[in-house]
Every structure is written in structure tokens, then in C-alpha cells.
Amino acid sequence: MSSSLRTLLANPQLAQQLLSEAQTRGFVTAMAAAPHLINPSEWLAFMWGGEESSPFTSQEELEDYANAIIDLWNESRESLLEGSWQWPEGCALDDKELVSSEAREFSEGLLQGWQLSRDDWETIMPEESENNALLGGVLLCFSLLYDPENAMEALSQEGADGLAQFEEIFTSVPTMLCGLTIRGYQLVNEDEEEA
């Protein structure tokens with residue numbers, strides 16, 4: 001994440017209106033993973049709650065923010081398609097809380113962003129397809145990481161060693177998310193070649 005974006009997100013006047021740094025990363029990662037490219041003009045406003053007018057005090061500040069978001073999107077898209085994406089700094093397992101607040105917020109942002117590309121995913125990976133299991137697995141992982149207490153309870157009720165399972169889920173996320181992005185990209189390109 002660029003220092004200019006960090007500075008904007010740390011601005012106390014904007015911090016209350018914009019997604020946090022971790023939520024921003026999660027949301028942008030969801031947009032970067034989307035099978036069909038969605039123009040940032042269609043989703044940028046969701047970064048400040050979907051309001052029509054942005055919280056920025058100047059056009060220059062808005063442009064700086066938008067450019068930094070697009071840079072983050074490009075960086076995320078490239079690493080996802082290369083299979084090299086990793087959890088952002090600060091996203092980690094935590095002894096007391098199971099996952100760090102950054103990992104929880106990242107998961108929240110990703111799930112929010114996924115809502116915008118949901119129809120695209122469900123079109124290329126319909127329920128009865130084998131690819132749907134990959135999509136469902138990724139979404140389940142992020143849902144569990146967003147709400148780790150309930151996840152641990154559910155895993156324990158299944159008779160699983162909750163903590164070991166949880167660690168496995170967390171460490172498998174980068175591979176699964178890259179795999180999902182690459183598979184979505186392949187399916188979209190196959191459709192375009194057939195058309």
C-alpha cells in the first residue's frame with residue numbers, strides 16, 4: 001500500500017468515513033480477484049459507504065485516493081494471477097483473538113467487495129459446477145476468519161481440533177484465493193474464445 005494512501009486513511013477527518021486500511025485492502029483484493037473487470041468508477045464510492053459525494057475536501061485529494069486505490073488493485077491483480085499473493089502485513093493468527101483485527105477487517109472488506117462481483121462469480125461457477133466448491137471454500141474461509149469465535153465453536157462441535165483447523169484455514173487462504181482468481185480468469189477467457 002502506498003504511503004499516500006496510508007496518509008489519507010490515517011487522516012482523522014477521513015478515517016471515520018473511509019474503510020480502514022485492512023478493509024480497504026480486502027475490498028480491493030475482492031475487486032482484483034473478480035472474474036470480470038469492474039471499472040473502479042462503479043465501486044470506488046463503496047470505499048466511503050456508497051455515498052454520492054466523496055468525503056474528500058478537494059478534487060486533488062480524491063484523485064490521489066483513486067490513483068492509490070487503482071495502484072493497489074493493479075498490484076493485487078498481478079500477484080493473484082501469478083499465484084504469489086500473500087496475506088498483507090498485520091494479518092496474522094493471534095493467540096488471544098484467534099486472528100488479528102487486521103485479518104478480521106481484511107476478511108470483512110473482502111466479503112463486502114465480493115457482493116459486487118457475486119453475480120459474475122455465480123454465472124461462471126454455477127451451483128452444480130465443480131468450480132463452485134472452490135468458490136464456496138474461499139468464501140467459507142473468509143466468513144470463518146471474519147467471525148472466528150463462532151467458527152471455533154462450530155469446528156469444536158464437529159469434533160475437530162478447532163485451533164489446528166483454524167490455523168490450516170488461515171494458511172491455506174493465499175493458495176485458495178490465487179487458485180480461485182486464476183480459475184475465474186481462465187473460465188472468462190474460455191467463454192470469450194467460444195463467443
# chains A, B, ... in the order shown; residues from 1 in each chain; ligands from 1
>>> select_by_dssp(residues="segment 81-117 of chain A", states="strand (DSSP E or B)", output="list in words")
Leu93, Asp94, Leu98 and Val99 of chain A
>>> residues_around(residues="Met47 of chain A", least_positions_apart="5", cutoff="10 Å", atoms="only C-alpha atoms", output="number ranges by chain")
A: 17-20, 23-24, 27-28, 54, 69, 109, 113
>>> closest_residue(among="A:Ser79, A:Ser143, A:Thr7, A:Asn74", to="Ser107 of chain A", atoms="only C-alpha atoms")
A:Ser143
>>> atom_distance(atom1="atom CA of Ala33 of chain A", atom2="atom CA of Asn132 of chain A")
15.2 Å
>>> residues_around(residues="segment 80-85 of chain A", least_positions_apart="4", cutoff="9 Å", atoms="only C-alpha atoms", output="PyMOL selection string")
chain A and resi 29+32-33+75-76+174-175+177-182+185
>>> select_by_dssp(residues="segment 35-162 of chain A", states="alpha helix (DSSP H)", output="MDAnalysis selection string")
chainID A and resid 40:43 59:82 101:124 131:146 148:157 162
>>> residues_around(residues="segment 148-150 of chain A", least_positions_apart="6", cutoff="9 Å", atoms="only C-alpha atoms", output="list in words")
Glu97, Leu98, Val99, Arg104 and Phe166 of chain A
>>> residues_around(residues="segment 57-59 of chain A", least_positions_apart="3", cutoff="12 Å", atoms="only C-alpha atoms", output="JSON, numbers by chain")
{"A": [8, 11, 13, 14, 53, 54, 62, 63, 64, 65, 66]}
>>> decode(residues="segment 16-87 of chain A", atoms="C-alpha atoms", output="compact mmCIF listing (two decimals), in the first residue's frame")
# COMPACT_ATOMS: atom_id res chain seq x y z
CA GLN A 16 -14.50 7.94 10.13
CA GLN A 17 -15.83 7.95 6.56
CA LEU A 18 -13.46 5.61 4.70
CA LEU A 19 -12.91 1.90 5.11
CA SER A 20 -9.93 1.15 7.37
CA GLU A 21 -6.61 0.19 5.78
CA ALA A 22 -7.27 -3.55 6.25
CA GLN A 23 -10.88 -3.27 5.00
CA THR A 24 -9.63 -1.27 2.01
CA ARG A 25 -7.08 -3.97 1.17
CA GLY A 26 -9.75 -6.67 1.48
CA PHE A 27 -12.27 -4.82 -0.67
CA VAL A 28 -9.70 -4.03 -3.37
CA THR A 29 -8.47 -7.63 -3.30
CA ALA A 30 -12.04 -8.82 -3.93
CA MET A 31 -12.27 -6.45 -6.89
CA ALA A 32 -8.88 -7.63 -8.18
CA ALA A 33 -9.95 -11.28 -7.89
CA ALA A 34 -13.25 -10.69 -9.74
CA PRO A 35 -13.59 -12.73 -12.93
CA HIS A 36 -14.80 -9.76 -14.99
CA LEU A 37 -13.00 -6.46 -14.58
CA ILE A 38 -15.28 -3.95 -12.91
CA ASN A 39 -14.45 -0.32 -13.61
CA PRO A 40 -13.33 1.42 -10.40
CA SER A 41 -15.82 4.20 -11.14
CA GLU A 42 -18.52 1.59 -10.39
CA TRP A 43 -17.18 0.64 -6.97
CA LEU A 44 -14.95 3.42 -5.65
CA ALA A 45 -17.84 5.08 -3.78
CA PHE A 46 -18.29 1.90 -1.72
CA MET A 47 -14.96 2.78 -0.12
CA TRP A 48 -16.78 5.61 1.70
CA GLY A 49 -20.08 3.87 2.27
CA GLY A 50 -21.65 4.34 -1.16
CA GLU A 51 -22.48 8.00 -0.62
CA GLU A 52 -22.82 10.03 -3.80
CA SER A 53 -20.43 12.74 -2.70
CA SER A 54 -16.97 11.76 -1.52
CA PRO A 55 -15.64 12.82 1.89
CA PHE A 56 -12.58 14.48 0.35
CA THR A 57 -12.13 18.23 0.69
CA SER A 58 -10.55 18.72 -2.74
CA GLN A 59 -10.63 17.17 -6.20
CA GLU A 60 -6.87 16.63 -5.91
CA GLU A 61 -7.28 14.61 -2.71
CA LEU A 62 -9.97 12.45 -4.38
CA GLU A 63 -7.73 11.88 -7.41
CA ASP A 64 -4.80 10.93 -5.18
CA TYR A 65 -7.02 8.46 -3.35
CA ALA A 66 -8.45 6.99 -6.56
CA ASN A 67 -5.00 6.63 -8.13
CA ALA A 68 -3.64 4.93 -5.00
CA ILE A 69 -6.62 2.53 -4.97
CA ILE A 70 -6.05 1.68 -8.64
CA ASP A 71 -2.34 1.08 -7.95
CA LEU A 72 -3.32 -1.26 -5.11
CA TRP A 73 -5.79 -3.02 -7.43
CA ASN A 74 -3.10 -3.50 -10.11
CA GLU A 75 -0.64 -4.84 -7.55
CA SER A 76 -3.25 -7.22 -6.11
CA ARG A 77 -4.47 -8.45 -9.51
CA GLU A 78 -0.94 -9.19 -10.67
CA SER A 79 0.01 -11.14 -7.52
CA LEU A 80 -3.28 -13.09 -7.57
CA LEU A 81 -2.84 -14.13 -11.21
CA GLU A 82 0.82 -15.00 -10.64
CA GLY A 83 -0.14 -17.12 -7.64
CA SER A 84 2.12 -15.06 -5.37
CA TRP A 85 -0.48 -13.17 -3.32
CA GLN A 86 0.10 -13.30 0.44
CA TRP A 87 -1.74 -12.01 3.49
